[in-house]
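Working notes for the structure below.
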Amino acid sequence: MPSDLSFHIREATDADLVGLEWEGEYSRYRHLYQKSMQDAKKGRRVLLVSEAAEKLIGQIFIQLNTIPADPLKLPATGYLYSFRVRPKYRNMGIGTSLVRRAEEKLRQLAFRRVLIGVAKENKGARRLYERLGYKIFAEDPGKWSFIDDQNSEHVVNEPTYIMEKILSGP
Ligand SMILES: CC(C)(COP(=O)(O)OP(=O)(O)OC[C@H]1O[C@@H](n2cnc3c(N)ncnc32)[C@H](O)[C@@H]1OP(=O)(O)O)[C@@H](O)C(=O)NCCC(=O)NCCS
């Protein structure tokens with residue numbers, strides 16, 4: 001993998017819905033992606049993708065309101081989710097750039113608080129968030145469900161830390 005990989009980050013469009021499935025690996029989330037895209041058009045979410053050589057190599061989504069697992073339920077809180085980078089592009093700073101770009105977007109929208117949920121066993125992602133200034137402030141059983149592209153329901157149980165960061169001013 002070249003160390004001088006050139007990638008850029010932009011907001012996703014309808015044309016990216018297929019690419020977000022990573023050639024079938026994430027087809028199970030098709031309905032979730034479609035719903036996220038609909039919400040993005042209504043200004044409720046922001047979907048960021050990183051692209052290299054016209055291929056989607058990473059993504060981070062922002063929900064522009066807080067989540068049920070947030071004990072404080074404060075306004076102007078953004079929730080980061082669906083964060084991932086293709087395996088062969090990891091450890092090159094793309095994930096860090098995606099989180100930073102999401103924070104920049106939230107600052108532009110005058111949001112000052114960011115949350116992210118991380119599976120308790122996902123130590124690598126947690127280390128990345130801690131390096132970027134996030135701190136654990138709540139726990140959640142991480143129980144949720146979704147309907148996949150074949151219309152089957154999946155229940156997920158993933159005990160999670162909720163991490164928080166207060167953004168500095170402009
Ligand atoms: C979590 C995830 C998105 C991080 O993406 P990434 O692009 O690898 O992130 P970065 O490259 O910015 O940072 C990862 C590590 O590489 C290091 N790094 C950053 N730039 C680097 C570079 N140019 N050269 C070498 N290492 C670098 C970082 O310091 C970091 O080190 P750390 O593990 O000690 O914290 C990615 O691992 C992933 O998709 N994981 C699977 C899905 C997942 O767990 N998502 C999070 C759900 S909460």
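Letters A, B, ... mark the chains of the structure tokens in the order given; residue numbers begin at 1 per chain; ligand numbers begin at 1, in order shown.
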
Contacts of ligand 1, 9 Å or closer, only C-alpha atoms and all ligand atoms, given as an NGL selection string: :A and (3-4 or 58-60 or 80-99 or 116-119 or 122-131 or 160)

Run DSSP on the backbone of this structure and report the residues of region 54-134 of chain A it assigns to strand (DSSP E or B), as JSON, numbers by chain. {"A": [55, 56, 57, 58, 59, 60, 61, 62, 63, 77, 78, 79, 80, 81, 82, 83, 84, 85, 113, 114, 115, 116, 117, 118, 119]}

At what distance in Å, to one decimal, does CA of Glu103 (chain A) lie from CA of Lys120 (chain A)? 22.7 Å

Could you please determine the separation between CA of Phe146 (chain A) and CA of Tyr161 (chain A) in Å, to one decimal place?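 Rounded to one decimal, the two atoms are 20.3 Å apart.
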
Looking only at the backbone, which of the residues in region 26-122 of chain A does DSSP tag as alpha helix (DSSP H), as a PDB file with C-alpha atoms, in the first residue's frame?
```pdb
ATOM      1  CA  ARG A  30     -29.033  -1.670   2.997  1.00  0.00           C
ATOM      2  CA  HIS A  31     -32.224  -0.471   4.702  1.00  0.00           C
ATOM      3  CA  LEU A  32     -30.256   1.323   7.417  1.00  0.00           C
ATOM      4  CA  TYR A  33     -28.186   3.133   4.806  1.00  0.00           C
ATOM      5  CA  GLN A  34     -31.297   4.100   2.852  1.00  0.00           C
ATOM      6  CA  LYS A  35     -32.921   5.455   6.025  1.00  0.00           C
ATOM      7  CA  SER A  36     -29.745   7.343   6.938  1.00  0.00           C
ATOM      8  CA  MET A  37     -29.682   8.868   3.440  1.00  0.00           C
ATOM      9  CA  GLN A  38     -33.334   9.938   3.695  1.00  0.00           C
ATOM     10  CA  ASP A  39     -32.601  11.553   7.057  1.00  0.00           C
ATOM     11  CA  ALA A  40     -29.511  13.263   5.634  1.00  0.00           C
ATOM     12  CA  LYS A  41     -31.692  14.908   2.979  1.00  0.00           C
ATOM     13  CA  ILE A  94      -8.033   7.812   7.240  1.00  0.00           C
ATOM     14  CA  GLY A  95     -10.140   6.994  10.322  1.00  0.00           C
ATOM     15  CA  THR A  96      -8.620   9.910  12.216  1.00  0.00           C
ATOM     16  CA  SER A  97      -9.362  12.221   9.268  1.00  0.00           C
ATOM     17  CA  LEU A  98     -12.976  11.024   9.160  1.00  0.00           C
ATOM     18  CA  VAL A  99     -13.534  11.710  12.872  1.00  0.00           C
ATOM     19  CA  ARG A 100     -11.876  15.130  12.563  1.00  0.00           C
ATOM     20  CA  ARG A 101     -14.012  16.007   9.532  1.00  0.00           C
ATOM     21  CA  ALA A 102     -17.162  14.928  11.397  1.00  0.00           C
ATOM     22  CA  GLU A 103     -16.171  17.175  14.324  1.00  0.00           C
ATOM     23  CA  GLU A 104     -15.513  20.057  11.918  1.00  0.00           C
ATOM     24  CA  LYS A 105     -18.991  19.587  10.440  1.00  0.00           C
ATOM     25  CA  LEU A 106     -20.541  19.596  13.907  1.00  0.00           C
ATOM     26  CA  ARG A 107     -18.680  22.796  14.813  1.00  0.00           C
ATOM     27  CA  GLN A 108     -20.035  24.445  11.639  1.00  0.00           C
TER      28      GLN A 108
END
```

Determine the nearest neighbour of Gly133 (chain A) from the options A:Leu167, A:Ala110, A:Ile162, A:Leu17, counting only C-alpha atoms.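 Of A:Leu167, A:Ala110, A:Ile162, A:Leu17, the one nearest Gly133 (chain A) is A:Leu167, counting only C-alpha atoms.
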
Who sits within 9 Å of Ser6 (chain A), only C-alpha atoms, same chain under 4 positions skipped, as a ChimeraX atom specification: /A:51-53

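Between CA of Tyr29 (chain A) and CA of Gln150 (chain A) the interatomic distance comes to 10.2 Å.
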
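Considering only C-alpha atoms, the residue among A:Glu164, A:Gly169, A:Asp148, A:Arg45 positioned nearest to Tyr26 (chain A) is A:Asp148.
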
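Nearest to Gly78 (chain A) of all the residues A:Ile166, A:Leu20, A:Arg113, A:Phe61 is A:Arg113, based on only C-alpha atoms.
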
Tell me which of A:Val46, A:Lys55, A:Gly24, A:Thr77 sits closest to Ala12 (chain A), counting only C-alpha atoms.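 Smallest separation from Ala12 (chain A) among the options: A:Val46.
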